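protein-v7.cif follows (mmCIF, C-alpha atoms):
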data_upload
loop_
_atom_site.label_atom_id
_atom_site.label_comp_id
_atom_site.auth_asym_id
_atom_site.auth_seq_id
_atom_site.Cartn_x
_atom_site.Cartn_y
_atom_site.Cartn_z
CA MET A 151 109.46 78.50 -55.65
CA SER A 152 106.50 78.54 -58.03
CA ALA A 153 106.83 80.07 -61.50
CA ASP A 154 103.99 82.49 -60.64
CA LEU A 155 105.67 83.84 -57.49
CA LEU A 156 109.06 84.10 -59.19
CA SER A 157 107.44 85.96 -62.09
CA VAL A 158 105.90 88.55 -59.71
CA ILE A 159 109.24 89.07 -57.90
CA VAL A 160 111.16 89.50 -61.16
CA ARG A 161 108.45 91.79 -62.56
CA THR A 162 108.62 94.01 -59.45
CA LEU A 163 112.42 94.28 -59.70
CA ALA A 164 112.13 95.02 -63.42
CA PHE A 165 109.56 97.77 -62.72
CA VAL A 166 111.84 99.35 -60.08
CA CYS A 167 114.90 99.34 -62.36
CA LEU A 168 112.99 100.48 -65.47
CA PHE A 169 111.24 103.38 -63.73
CA GLN A 170 114.45 104.38 -61.94
CA ALA A 171 116.43 104.41 -65.20
CA ALA A 172 113.71 106.31 -67.08
CA GLY A 173 113.25 108.77 -64.20
CA ALA A 174 116.98 109.46 -63.98
CA ALA A 175 116.95 110.27 -67.71
CA PHE A 176 114.01 112.69 -67.28
CA PHE A 177 115.76 114.23 -64.24
CA VAL A 178 118.95 114.91 -66.19
CA LEU A 179 116.91 116.42 -69.05
CA LEU A 180 114.85 118.72 -66.79
CA PHE A 181 117.35 119.67 -64.09
CA GLY A 182 120.75 118.85 -65.62
CA ALA A 183 121.80 122.49 -65.75
CA ARG A 184 121.60 122.66 -61.93
CA LEU A 185 123.68 119.50 -61.30
CA ALA A 186 127.17 120.90 -60.77
CA ASN A 187 128.45 118.13 -58.47
CA SER A 188 125.87 115.35 -58.77
CA ASP A 189 125.42 114.97 -62.55
CA HIS A 190 127.92 112.11 -62.83
CA ALA A 191 126.41 110.12 -59.93
CA ILE A 192 122.84 110.50 -61.26
CA ARG A 193 123.88 109.46 -64.76
CA ARG A 194 125.64 106.43 -63.28
CA LEU A 195 122.48 105.52 -61.35
CA GLY A 196 120.39 105.74 -64.53
CA PHE A 197 122.94 103.84 -66.60
CA TRP A 198 123.30 100.91 -64.20
CA THR A 199 119.56 100.56 -63.47
CA ALA A 200 118.91 100.54 -67.25
CA VAL A 201 121.54 97.82 -67.66
CA ALA A 202 120.06 95.82 -64.74
CA ALA A 203 116.50 96.13 -66.07
CA ILE A 204 117.34 94.48 -69.42
CA PRO A 205 118.04 90.92 -68.13
CA LEU A 206 115.19 91.27 -65.61
CA LEU A 207 112.69 92.06 -68.39
CA ALA A 208 114.04 89.23 -70.55
CA ALA A 209 113.82 86.84 -67.58
CA HIS A 210 110.26 87.94 -66.83
CA GLN A 211 109.19 87.31 -70.42
CA GLY A 212 110.91 83.91 -70.36
CA LEU A 213 109.11 83.12 -67.11
CA ASP A 214 105.79 83.57 -68.91
CA ALA A 215 106.56 80.24 -70.62
CA ALA A 216 107.04 78.66 -67.19
CA ARG A 217 103.72 80.16 -66.04
CA MET A 218 102.01 78.72 -69.13
CA ALA A 219 103.39 75.28 -68.26
CA GLY A 220 102.56 75.67 -64.56
CA SER A 221 106.15 74.87 -63.56
CA LEU A 222 109.70 76.07 -64.13
CA SER A 223 110.18 73.21 -66.63
CA GLY A 224 108.37 75.48 -69.10
CA LEU A 225 111.51 77.63 -69.29
CA GLY A 226 113.04 74.99 -71.57
CA ASP A 227 109.94 74.49 -73.73
CA ALA A 228 110.63 76.01 -77.16
CA HIS A 229 106.93 76.08 -78.14
CA LEU A 230 105.90 77.95 -74.98
CA GLN A 231 108.88 80.32 -75.26
CA SER A 232 107.83 81.15 -78.81
CA LEU A 233 104.25 81.77 -77.57
CA ALA A 234 105.64 84.10 -74.88
CA TRP A 235 107.85 86.11 -77.22
CA ASP A 236 105.58 86.13 -80.35
CA SER A 237 102.87 88.00 -78.47
CA GLY A 238 101.93 91.53 -77.45
CA GLY A 239 103.81 90.91 -74.20
CA GLY A 240 106.89 89.84 -76.14
CA ASN A 241 106.67 92.94 -78.36
CA ALA A 242 106.31 95.17 -75.29
CA ALA A 243 109.32 93.53 -73.60
CA ALA A 244 111.41 93.90 -76.77
CA LEU A 245 110.49 97.59 -77.04
CA GLU A 246 111.23 98.14 -73.34
CA ILE A 247 114.65 96.53 -73.79
CA ILE A 248 115.36 98.79 -76.81
CA GLY A 249 114.29 101.83 -74.78
CA LEU A 250 116.53 100.81 -71.89
CA GLY A 251 119.44 100.35 -74.30
CA VAL A 252 118.88 103.91 -75.56
CA ILE A 253 118.77 105.19 -71.93
CA ALA A 254 122.05 103.41 -71.18
CA LEU A 255 123.65 104.89 -74.32
CA GLY A 256 122.32 108.35 -73.47
CA LEU A 257 123.57 108.28 -69.89
CA ALA A 258 126.91 106.55 -70.54
CA PRO A 259 130.10 108.55 -69.88
CA HIS A 260 130.87 111.03 -72.71
CA SER A 261 127.28 110.87 -74.03
CA SER A 262 125.03 113.86 -74.78
CA PRO A 263 125.15 116.18 -71.74
CA THR A 264 121.52 117.29 -72.12
CA GLY A 265 119.92 113.88 -71.54
CA ASP A 266 117.72 114.20 -74.66
CA ILE A 267 118.70 110.81 -76.13
CA ALA A 268 118.25 109.10 -72.76
CA SER A 269 114.81 110.74 -72.38
CA LEU A 270 113.76 109.43 -75.80
CA GLY A 271 114.74 105.95 -74.56
CA ALA A 272 112.81 106.59 -71.35
CA LEU A 273 109.66 107.45 -73.34
CA ILE A 274 110.03 104.26 -75.43
CA ALA A 275 110.66 102.07 -72.36
CA THR A 276 107.78 103.44 -70.29
CA CYS A 277 105.18 103.61 -73.07
CA ALA A 278 105.89 100.10 -74.44
CA ALA A 279 103.43 98.62 -71.93
CA VAL A 280 100.51 99.86 -74.05
CA LEU A 281 101.18 96.91 -76.39
CA THR A 282 100.06 94.33 -73.83
CA GLY A 283 97.58 93.65 -71.03
CA HIS A 284 93.88 94.36 -70.56
CA THR A 285 94.12 97.75 -72.23
CA SER A 286 95.61 96.39 -75.48
CA VAL A 287 92.51 94.34 -76.41
CA HIS A 288 89.87 96.72 -75.09
CA PRO A 289 87.51 98.46 -77.57
CA GLU A 290 88.62 101.79 -76.03
CA HIS A 291 92.25 100.87 -76.72
CA ALA A 292 93.36 104.28 -78.07
CA ARG A 293 92.03 106.21 -75.08
CA LEU A 294 93.35 103.65 -72.61
CA ALA A 295 96.76 103.62 -74.29
CA ALA A 296 97.03 107.41 -73.99
CA LEU A 297 96.02 107.31 -70.32
CA LEU A 298 98.38 104.41 -69.55
CA ALA A 299 101.30 106.13 -71.31
CA LEU A 300 100.66 109.35 -69.36
CA HIS A 301 100.35 107.37 -66.10
CA LEU A 302 103.62 105.48 -66.67
CA VAL A 303 105.69 108.46 -67.86
CA LEU A 304 104.62 110.47 -64.80
CA VAL A 305 105.34 107.55 -62.44
CA ALA A 306 108.83 107.29 -63.96
CA PHE A 307 109.36 111.06 -63.59
CA TRP A 308 108.28 111.04 -59.91
CA PHE A 309 109.74 107.76 -58.68
CA GLY A 310 112.93 108.16 -60.71
CA ALA A 311 113.57 111.64 -59.25
CA LEU A 312 113.63 110.55 -55.60
CA LEU A 313 117.12 109.00 -55.45
CA PRO A 314 118.60 111.82 -57.61
CA LEU A 315 117.11 114.33 -55.12
CA ILE A 316 118.85 112.53 -52.23
CA ILE A 317 122.10 112.49 -54.22
CA CYS A 318 121.76 116.24 -54.87
CA SER A 319 121.06 117.02 -51.20
CA ARG A 320 124.34 115.32 -50.30
CA ARG A 321 126.58 116.67 -53.08
CA GLU A 322 125.30 120.12 -53.96
CA SER A 323 125.61 123.35 -51.96
CA ARG A 324 122.75 124.45 -49.69
CA GLN A 325 121.62 127.14 -52.14
CA ALA A 326 121.76 124.78 -55.11
CA THR A 327 119.88 122.04 -53.20
CA VAL A 328 117.10 124.38 -52.10
CA ALA A 329 116.77 125.86 -55.61
CA LEU A 330 116.60 122.37 -57.10
CA LEU A 331 114.02 121.14 -54.56
CA ARG A 332 111.91 124.25 -55.21
CA GLU A 333 112.12 123.74 -58.98
CA PHE A 334 111.31 120.04 -58.68
CA SER A 335 108.28 120.83 -56.48
CA SER A 336 106.99 123.39 -58.96
CA VAL A 337 107.21 120.85 -61.82
CA ALA A 338 105.98 117.84 -59.81
CA GLY A 339 103.15 119.73 -58.06
CA PRO A 340 100.76 119.83 -61.03
CA LEU A 341 102.07 116.64 -62.70
CA VAL A 342 102.02 114.05 -59.91
CA PRO A 343 98.24 114.27 -59.18
CA CYS A 344 97.73 113.43 -62.88
CA ILE A 345 99.11 109.93 -62.08
CA ALA A 346 96.04 109.24 -59.94
CA ILE A 347 93.65 110.98 -62.35
CA ALA A 348 94.92 108.93 -65.31
CA GLY A 349 94.88 105.73 -63.21
CA LEU A 350 91.34 106.40 -62.00
CA ALA A 351 90.16 107.19 -65.53
CA MET A 352 91.58 103.84 -66.71
CA ALA A 353 89.95 102.03 -63.81
CA LEU A 354 86.57 103.59 -64.69
CA VAL A 355 86.88 102.29 -68.26
CA LEU A 356 87.94 98.82 -67.15
CA MET A 357 85.44 98.62 -64.26
CA PRO A 358 82.35 100.63 -65.31
CA ASP A 359 79.99 98.93 -62.86
CA ARG A 360 80.12 99.11 -59.07
CA THR A 361 80.37 95.31 -58.56
CA SER A 362 83.76 95.22 -60.34
CA TRP A 363 85.19 97.31 -57.50
CA SER A 364 84.42 94.59 -54.95
CA THR A 365 86.53 91.99 -56.83
CA THR A 366 90.16 91.30 -55.92
CA TYR A 367 91.24 93.44 -58.87
CA GLY A 368 89.04 96.32 -57.68
CA SER A 369 90.35 95.99 -54.10
CA LEU A 370 93.96 96.14 -55.30
CA VAL A 371 93.20 99.22 -57.41
CA LEU A 372 91.65 100.86 -54.31
CA MET A 373 94.75 99.89 -52.31
CA LYS A 374 96.90 101.64 -54.94
CA LEU A 375 94.72 104.75 -54.70
CA LEU A 376 94.94 104.80 -50.88
CA SER A 377 98.74 104.40 -51.05
CA PHE A 378 98.79 107.31 -53.47
CA VAL A 379 96.94 109.49 -50.95
CA GLY A 380 99.60 108.57 -48.35
CA LEU A 381 102.34 109.45 -50.83
CA MET A 382 100.70 112.81 -51.56
CA LEU A 383 100.68 113.60 -47.83
CA LEU A 384 104.38 112.75 -47.62
CA ALA A 385 105.14 114.87 -50.70
CA ALA A 386 103.18 117.76 -49.15
CA TRP A 387 105.19 117.39 -45.92
CA ASN A 388 108.41 117.51 -47.96
CA ARG A 389 107.30 120.61 -49.83
CA TRP A 390 105.85 122.63 -46.95
CA ARG A 391 107.99 121.47 -44.00
CA ALA A 392 111.21 119.66 -44.95
CA VAL A 393 112.37 121.97 -47.77
CA PRO A 394 111.73 125.23 -45.80
CA ALA A 395 113.61 123.66 -42.84
CA ILE A 396 116.68 123.18 -45.05
CA GLU A 397 116.22 126.70 -46.40
CA ARG A 398 116.28 128.13 -42.88
CA SER A 399 119.25 126.11 -41.65
CA HIS A 400 121.24 123.56 -43.60
CA THR A 401 121.88 121.47 -40.48
CA ALA A 402 122.50 117.74 -40.58
CA ALA A 403 119.14 117.15 -38.84
CA ALA A 404 117.17 119.08 -41.49
CA GLY A 405 118.92 117.20 -44.29
CA GLN A 406 118.40 113.84 -42.59
CA ALA A 407 114.68 114.52 -42.09
CA LEU A 408 114.27 115.23 -45.80
CA THR A 409 116.32 112.17 -46.78
CA ALA A 410 114.26 109.94 -44.45
CA SER A 411 111.00 111.30 -45.83
CA ILE A 412 112.13 110.76 -49.44
CA ALA A 413 113.32 107.24 -48.54
CA ILE A 414 109.87 106.40 -47.08
CA GLU A 415 108.27 107.79 -50.24
CA TYR A 416 110.59 105.57 -52.31
CA GLY A 417 109.72 102.48 -50.23
CA LEU A 418 105.99 103.14 -50.53
CA ILE A 419 106.22 103.48 -54.31
CA VAL A 420 108.17 100.19 -54.49
CA ALA A 421 105.31 98.59 -52.49
CA VAL A 422 102.79 100.04 -54.97
CA LEU A 423 104.88 98.65 -57.86
CA ALA A 424 104.78 95.21 -56.17
CA VAL A 425 100.97 95.47 -55.91
CA THR A 426 100.87 96.46 -59.59
CA ALA A 427 103.05 93.48 -60.55
CA THR A 428 100.66 91.17 -58.65
CA LEU A 429 97.58 92.88 -60.10
CA THR A 430 98.76 92.62 -63.69
CA THR A 431 100.02 89.04 -63.33
CA PHE A 432 97.06 87.33 -61.66
CA TYR A 433 93.91 89.41 -61.88
CA SER A 434 91.66 91.01 -64.44
CA PRO A 435 88.92 93.62 -64.03
CA MET B 116 86.80 116.96 -57.53
CA LYS B 117 83.43 115.16 -57.38
CA ARG B 118 82.41 116.87 -60.63
CA LEU B 119 85.70 115.84 -62.28
CA LEU B 120 85.21 112.21 -61.25
CA GLY B 121 81.62 112.31 -62.50
CA LEU B 122 82.75 113.65 -65.87
CA LEU B 123 85.45 111.00 -66.11
CA ALA B 124 82.86 108.31 -65.33
CA LEU B 125 80.59 109.61 -68.10
CA CYS B 126 83.44 109.81 -70.60
CA PHE B 127 84.73 106.34 -69.96
CA VAL B 128 81.67 104.13 -69.60
CA GLY B 129 82.31 101.02 -71.69
CA VAL B 130 82.14 97.28 -71.84
CA VAL B 131 84.39 95.26 -69.56
CA HIS B 132 86.83 93.07 -71.49
CA ALA B 133 88.68 90.94 -68.97
CA HIS B 134 90.96 88.07 -69.87
CA ALA B 135 89.71 84.55 -70.55
CA HIS B 136 87.72 82.76 -67.88
CA LEU B 137 86.17 79.32 -67.74
CA LEU B 138 82.44 79.24 -68.43
CA GLN B 139 81.78 75.52 -68.29
CA ALA B 140 83.65 72.29 -67.68
CA ALA B 141 82.89 68.61 -68.06
CA PRO B 142 83.28 66.93 -65.63
CA ALA B 143 81.86 69.88 -63.68
CA ASP B 144 83.69 71.17 -60.64
CA GLY B 145 82.52 69.27 -57.53
CA SER B 146 80.74 66.55 -59.52
CA THR B 147 80.67 62.83 -58.71
CA LEU B 148 80.71 60.47 -61.68
CA SER B 149 79.48 56.90 -61.74
CA VAL B 150 81.69 56.11 -64.73
CA PRO B 151 85.11 57.63 -65.58
CA PRO B 152 84.98 60.46 -68.18
CA SER B 153 86.15 59.63 -71.69
CA ALA B 154 87.10 63.27 -72.35
CA PHE B 155 87.61 66.59 -70.62
CA SER B 156 85.70 69.55 -71.96
CA LEU B 157 86.58 73.17 -71.21
CA LYS B 158 84.56 76.12 -72.50
CA PHE B 159 85.90 79.70 -72.15
CA ASN B 160 84.31 83.13 -72.68
CA GLU B 161 86.81 83.89 -75.46
CA ALA B 162 89.39 82.10 -77.60
CA ALA B 163 92.54 81.18 -75.67
CA THR B 164 95.52 78.87 -76.16
CA LEU B 165 95.56 75.81 -73.92
CA THR B 166 99.16 75.61 -72.71
CA ALA B 167 99.00 73.00 -69.92
CA LEU B 168 96.58 70.37 -68.65
CA THR B 169 97.29 68.00 -65.78
CA ILE B 170 95.22 65.42 -63.93
CA GLN B 171 96.11 64.52 -60.35
CA LYS B 172 94.60 61.73 -58.27
CA ASP B 173 94.53 62.41 -54.51
CA GLY B 174 97.87 61.48 -52.96
CA GLU B 175 99.58 60.84 -56.31
CA ALA B 176 101.81 62.92 -58.60
CA ALA B 177 100.17 65.07 -61.28
CA GLN B 178 100.03 63.49 -64.73
CA LYS B 179 100.67 65.82 -67.66
CA ILE B 180 98.26 65.44 -70.57
CA GLU B 181 100.26 65.72 -73.80
CA ARG B 182 99.40 66.69 -77.40
CA LEU B 183 97.23 69.69 -76.62
CA PRO B 184 95.73 71.62 -79.55
CA ALA B 185 98.11 74.38 -80.70
CA ALA B 186 95.43 76.72 -82.07
CA PRO B 187 93.49 79.11 -79.85
CA SER B 188 89.86 78.14 -79.26
CA ALA B 189 86.98 78.94 -76.92
CA GLN B 190 86.20 75.23 -76.44
CA PHE B 191 88.50 72.26 -75.94
CA ASN B 192 87.63 68.55 -75.92
CA ILE B 193 90.62 66.52 -74.79
CA PRO B 194 90.58 62.70 -74.58
CA ALA B 195 90.96 61.63 -70.95
CA PRO B 196 93.41 58.98 -69.80
CA LYS B 197 91.99 55.88 -68.10
CA LEU B 198 90.86 56.88 -64.61
CA ASP B 199 90.23 54.60 -61.64
CA ALA B 200 87.84 55.36 -58.82
CA GLY B 201 89.01 58.24 -56.63
CA SER B 202 89.18 62.01 -56.22
CA TYR B 203 90.81 64.01 -59.01
CA ALA B 204 91.97 67.57 -59.71
CA LEU B 205 92.07 68.64 -63.36
CA SER B 206 94.30 71.75 -63.66
CA PHE B 207 94.58 73.90 -66.75
CA ARG B 208 96.53 76.93 -67.92
CA VAL B 209 95.55 79.04 -70.92
CA LEU B 210 97.09 82.06 -72.60
CA SER B 211 94.50 84.84 -73.11
CA ASP B 212 94.25 87.19 -76.03
CA ASP B 213 95.61 89.97 -73.74
CA ASN B 214 98.76 87.84 -73.05
CA HIS B 215 97.73 86.89 -69.52
CA VAL B 216 98.15 83.34 -68.29
CA VAL B 217 94.96 82.11 -66.63
CA SER B 218 94.85 78.99 -64.48
CA GLY B 219 92.12 76.96 -62.83
CA THR B 220 91.36 73.63 -61.22
CA ILE B 221 88.29 71.39 -61.49
CA ARG B 222 87.76 68.78 -58.78
CA PHE B 223 85.63 65.68 -59.31
CA LYS B 224 85.18 62.15 -58.01
CA VAL B 225 84.86 58.86 -59.85
CA MET B 226 82.79 56.26 -57.94
CA PRO B 227 83.93 52.64 -57.78
CA ALA B 228 82.22 50.39 -60.34
CA SER B 229 79.30 48.58 -58.66
#
Please, can you express the file's structure as structure tokens?
Amino acid sequence: MSADLLSVIVRTLAFVCLFQAAGAAFFVLLFGARLANSDHAIRRLGFWTAVAAIPLLAAHQGLDAARMAGSLSGLGDAHLQSLAWDSGGGNAAALEIIGLGVIALGLAPHSSPTGDIASLGALIATCAAVLTGHTSVHPEHARLAALLALHLVLVAFWFGALLPLIICSRRESRQATVALLREFSSVAGPLVPCIAIAGLAMALVLMPDRTSWSTTYGSLVLMKLLSFVGLMLLAAWNRWRAVPAIERSHTAAAGQALTASIAIEYGLIVAVLAVTATLTTFYSP
Amino acid sequence: MKRLLGLLALCFVGVVHAHAHLLQAAPADGSTLSVPPSAFSLKFNEAATLTALTIQKDGEAAQKIERLPAAPSAQFNIPAPKLDAGSYALSFRVLSDDNHVVSGTIRFKVMPAS
């Protein structure tokens, strides 16, 4: 397997684990008071995905040396490894690993019950990406960094809440599940569209002229936007159809329909994260 | 929504700063040379660190070119190894200022000595 392909696979897995861990931390902070029977399982999910993300991020950064060499032999090249780690990318990876460590500490058994420490770690881990990539060397760096941080924190909040919501629907009472889903929808409703707005605003800075949108980078950005529209439709279906169905009758069929819809949403976001990993590894605006 | 997008476009008009890309190479991509090159020249749009350079003759294993300059630069002139007549692919990898690894390949032919 080529170093480039392996790097994209590891980066995608690292994205999934990092956003899941950060999102679980945000979920505990925002909805912890409602988690009578599922708090432990959600904390465990956040803890273990944070732990899994750490070696994945370290491996991805190490693989940058292999990509510089054009083959996996670069993994053992001390000069290329030092180039990989003594860079903005290395600083971002180090900060992400610190953030994940804080999430793991904050969600570990007998840690703070409010999730505030874990959420601080989640902010560090998600915002660390502003130290690297196209945005870090752009003249509009400050504005791009703010937009990227907002984009990433909201992605973590949304994506990282999906598995906890499934866990809640299986462990909490019908009333508690419906109340939680309603509360989540009221928080996510205004926040999730900001993911696309922040992403589009960044794309307009990075690709100010129309021709940039016809490049591979532009096409992949458009693919992300189209996937987002699909995800919004699914989220709307959850909010206006699936949740009221559970409210009316907490039958197995109603619960399964919601779980299936959330699982599709999860799978689509993982696909978008894979596109993002490809986009940020191989292409520039 | 259209108004919001228009406002965003006005607020964020700027200069595109992509990562490093090759502006010029010698031998040029697709060129045919009557004599083998004594050096390879690569010119980029911005300073980058040359991390790998290989030359591969058709049907043979790639040969790694050692002792590359450690400092970032927008232009590199690297002495070429002795090349026989044949088709070659010169592949490079550079590390951009934005920490992206950029790769490329230049193909050229060396004609047999007449």
(request) Starting from the shown file, work through the PyMOL selection byres ((chain A and resi 427) around 9) and note down what comes out as a PyMOL selection string. (result) chain A and resi 157-159+161-162+165+422-426+428-432
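Distances to B:Leu198 were evaluated for B:Thr220, B:Asn214, B:Ser149, B:Thr164 using only C-alpha atoms, and the minimum falls at B:Ser149.
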(message) Show me, as a PyMOL selection string, every residue of chain A with an atom at most 7 Å from chain B, counting all atoms listed in the file.
(response) chain A and resi 217-220+237-239+282-284+286-288+351+354-358+431+434-435
(request) Could you tell me which residues the PyMOL selection byres ((chain A and resi 335) around 12) returns for this structure, as a PyMOL selection string? (result) chain A and resi 181+308+311-312+315+328-334+336-342+385-390+392-393
(message) So that I can see what lies close to stretch 317-319 of chain A, please list as a ChimeraX atom specification the residues with an atom at most 10 Å from it, counting only C-alpha atoms and leaving out residues fewer than 3 positions away in the same chain.
(response) /A:184-189,191-192,195,311-314,322-324,326-328,330-331,396,405-406,408-409
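Going from atom CA of A:Arg194 over to atom CA of A:Ser411, you cover 23.3 Å.
Across the structure, atom CA of A:Ala413 and atom CA of A:Glu246 are spaced 26.5 Å apart.
On the file presented, the PyMOL selection byres ((chain B and resi 162) around 6) picks out B:Glu161, B:Ala163, B:Pro187, B:Ser188, B:Ala189.
The nearest approach to A:His190 among the residues A:Gln211, A:Ser232, A:Ser221, A:Ser261, with all atoms listed in the file taken into account, belongs to A:Ser261.
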(message) Can you tell me which residues surround stretch 170-172 of chain A at a distance of at most 10 Å, considering only C-alpha atoms, apart from same-chain residues fewer than 4 positions away, and format the answer as a ChimeraX atom specification?
(response) /A:164-166,176-177,192-203,249-250,253-254,257,268-276,303,305-314
Please save C-alpha atoms of the selected residues as a CSV table (one decimal), in the frame of the given file.
chain,number,residue,atom,x,y,z
A,164,ALA,CA,112.1,95.0,-63.4
A,165,PHE,CA,109.6,97.8,-62.7
A,166,VAL,CA,111.8,99.4,-60.1
A,176,PHE,CA,114.0,112.7,-67.3
A,177,PHE,CA,115.8,114.2,-64.2
A,192,ILE,CA,122.8,110.5,-61.3
A,193,ARG,CA,123.9,109.5,-64.8
A,194,ARG,CA,125.6,106.4,-63.3
A,195,LEU,CA,122.5,105.5,-61.4
A,196,GLY,CA,120.4,105.7,-64.5
A,197,PHE,CA,122.9,103.8,-66.6
A,198,TRP,CA,123.3,100.9,-64.2
A,199,THR,CA,119.6,100.6,-63.5
A,200,ALA,CA,118.9,100.5,-67.2
A,201,VAL,CA,121.5,97.8,-67.7
A,202,ALA,CA,120.1,95.8,-64.7
A,203,ALA,CA,116.5,96.1,-66.1
A,249,GLY,CA,114.3,101.8,-74.8
A,250,LEU,CA,116.5,100.8,-71.9
A,253,ILE,CA,118.8,105.2,-71.9
A,254,ALA,CA,122.0,103.4,-71.2
A,257,LEU,CA,123.6,108.3,-69.9
A,268,ALA,CA,118.2,109.1,-72.8
A,269,SER,CA,114.8,110.7,-72.4
A,270,LEU,CA,113.8,109.4,-75.8
A,271,GLY,CA,114.7,106.0,-74.6
A,272,ALA,CA,112.8,106.6,-71.4
A,273,LEU,CA,109.7,107.4,-73.3
A,274,ILE,CA,110.0,104.3,-75.4
A,275,ALA,CA,110.7,102.1,-72.4
A,276,THR,CA,107.8,103.4,-70.3
A,303,VAL,CA,105.7,108.5,-67.9
A,305,VAL,CA,105.3,107.6,-62.4
A,306,ALA,CA,108.8,107.3,-64.0
A,307,PHE,CA,109.4,111.1,-63.6
A,308,TRP,CA,108.3,111.0,-59.9
A,309,PHE,CA,109.7,107.8,-58.7
A,310,GLY,CA,112.9,108.2,-60.7
A,311,ALA,CA,113.6,111.6,-59.2
A,312,LEU,CA,113.6,110.6,-55.6
A,313,LEU,CA,117.1,109.0,-55.4
A,314,PRO,CA,118.6,111.8,-57.6
N, CA and C atoms are what I want for stretch 344-360 of chain A; can you complete it accordingly and write them as a PDB file, in the frame of the given file?
ATOM      1  N   CYS A 344      98.231 114.000 -61.616  1.00  0.00           N
ATOM      2  CA  CYS A 344      97.730 113.430 -62.880  1.00  0.00           C
ATOM      3  C   CYS A 344      97.962 111.911 -62.939  1.00  0.00           C
ATOM      4  N   ILE A 345      98.898 111.392 -62.129  1.00  0.00           N
ATOM      5  CA  ILE A 345      99.110 109.930 -62.080  1.00  0.00           C
ATOM      6  C   ILE A 345      97.826 109.274 -61.594  1.00  0.00           C
ATOM      7  N   ALA A 346      97.275 109.814 -60.501  1.00  0.00           N
ATOM      8  CA  ALA A 346      96.040 109.240 -59.940  1.00  0.00           C
ATOM      9  C   ALA A 346      94.856 109.483 -60.859  1.00  0.00           C
ATOM     10  N   ILE A 347      94.792 110.673 -61.464  1.00  0.00           N
ATOM     11  CA  ILE A 347      93.650 110.980 -62.350  1.00  0.00           C
ATOM     12  C   ILE A 347      93.647 110.039 -63.557  1.00  0.00           C
ATOM     13  N   ALA A 348      94.844 109.841 -64.155  1.00  0.00           N
ATOM     14  CA  ALA A 348      94.920 108.930 -65.310  1.00  0.00           C
ATOM     15  C   ALA A 348      94.613 107.490 -64.881  1.00  0.00           C
ATOM     16  N   GLY A 349      95.130 107.090 -63.711  1.00  0.00           N
ATOM     17  CA  GLY A 349      94.880 105.730 -63.210  1.00  0.00           C
ATOM     18  C   GLY A 349      93.405 105.511 -62.934  1.00  0.00           C
ATOM     19  N   LEU A 350      92.769 106.504 -62.326  1.00  0.00           N
ATOM     20  CA  LEU A 350      91.340 106.400 -62.000  1.00  0.00           C
ATOM     21  C   LEU A 350      90.506 106.359 -63.276  1.00  0.00           C
ATOM     22  N   ALA A 351      90.891 107.180 -64.251  1.00  0.00           N
ATOM     23  CA  ALA A 351      90.160 107.190 -65.530  1.00  0.00           C
ATOM     24  C   ALA A 351      90.249 105.815 -66.195  1.00  0.00           C
ATOM     25  N   MET A 352      91.437 105.187 -66.142  1.00  0.00           N
ATOM     26  CA  MET A 352      91.580 103.840 -66.710  1.00  0.00           C
ATOM     27  C   MET A 352      90.708 102.840 -65.952  1.00  0.00           C
ATOM     28  N   ALA A 353      90.731 102.957 -64.627  1.00  0.00           N
ATOM     29  CA  ALA A 353      89.950 102.030 -63.810  1.00  0.00           C
ATOM     30  C   ALA A 353      88.459 102.157 -64.115  1.00  0.00           C
ATOM     31  N   LEU A 354      87.992 103.390 -64.386  1.00  0.00           N
ATOM     32  CA  LEU A 354      86.570 103.590 -64.690  1.00  0.00           C
ATOM     33  C   LEU A 354      86.199 102.979 -66.042  1.00  0.00           C
ATOM     34  N   VAL A 355      87.146 102.957 -66.973  1.00  0.00           N
ATOM     35  CA  VAL A 355      86.880 102.290 -68.260  1.00  0.00           C
ATOM     36  C   VAL A 355      86.841 100.781 -68.064  1.00  0.00           C
ATOM     37  N   LEU A 356      87.818 100.275 -67.315  1.00  0.00           N
ATOM     38  CA  LEU A 356      87.940  98.820 -67.150  1.00  0.00           C
ATOM     39  C   LEU A 356      86.887  98.266 -66.189  1.00  0.00           C
ATOM     40  N   MET A 357      86.427  99.101 -65.245  1.00  0.00           N
ATOM     41  CA  MET A 357      85.440  98.620 -64.260  1.00  0.00           C
ATOM     42  C   MET A 357      84.268  99.614 -64.199  1.00  0.00           C
ATOM     43  N   PRO A 358      83.420  99.629 -65.262  1.00  0.00           N
ATOM     44  CA  PRO A 358      82.350 100.630 -65.310  1.00  0.00           C
ATOM     45  C   PRO A 358      81.242 100.399 -64.286  1.00  0.00           C
ATOM     46  N   ASP A 359      81.067  99.160 -63.825  1.00  0.00           N
ATOM     47  CA  ASP A 359      79.990  98.930 -62.860  1.00  0.00           C
ATOM     48  C   ASP A 359      80.536  98.762 -61.442  1.00  0.00           C
ATOM     49  N   ARG A 360      79.681  99.063 -60.469  1.00  0.00           N
ATOM     50  CA  ARG A 360      80.120  99.110 -59.070  1.00  0.00           C
ATOM     51  C   ARG A 360      80.604  97.738 -58.569  1.00  0.00           C
TER      52      ARG A 360
END
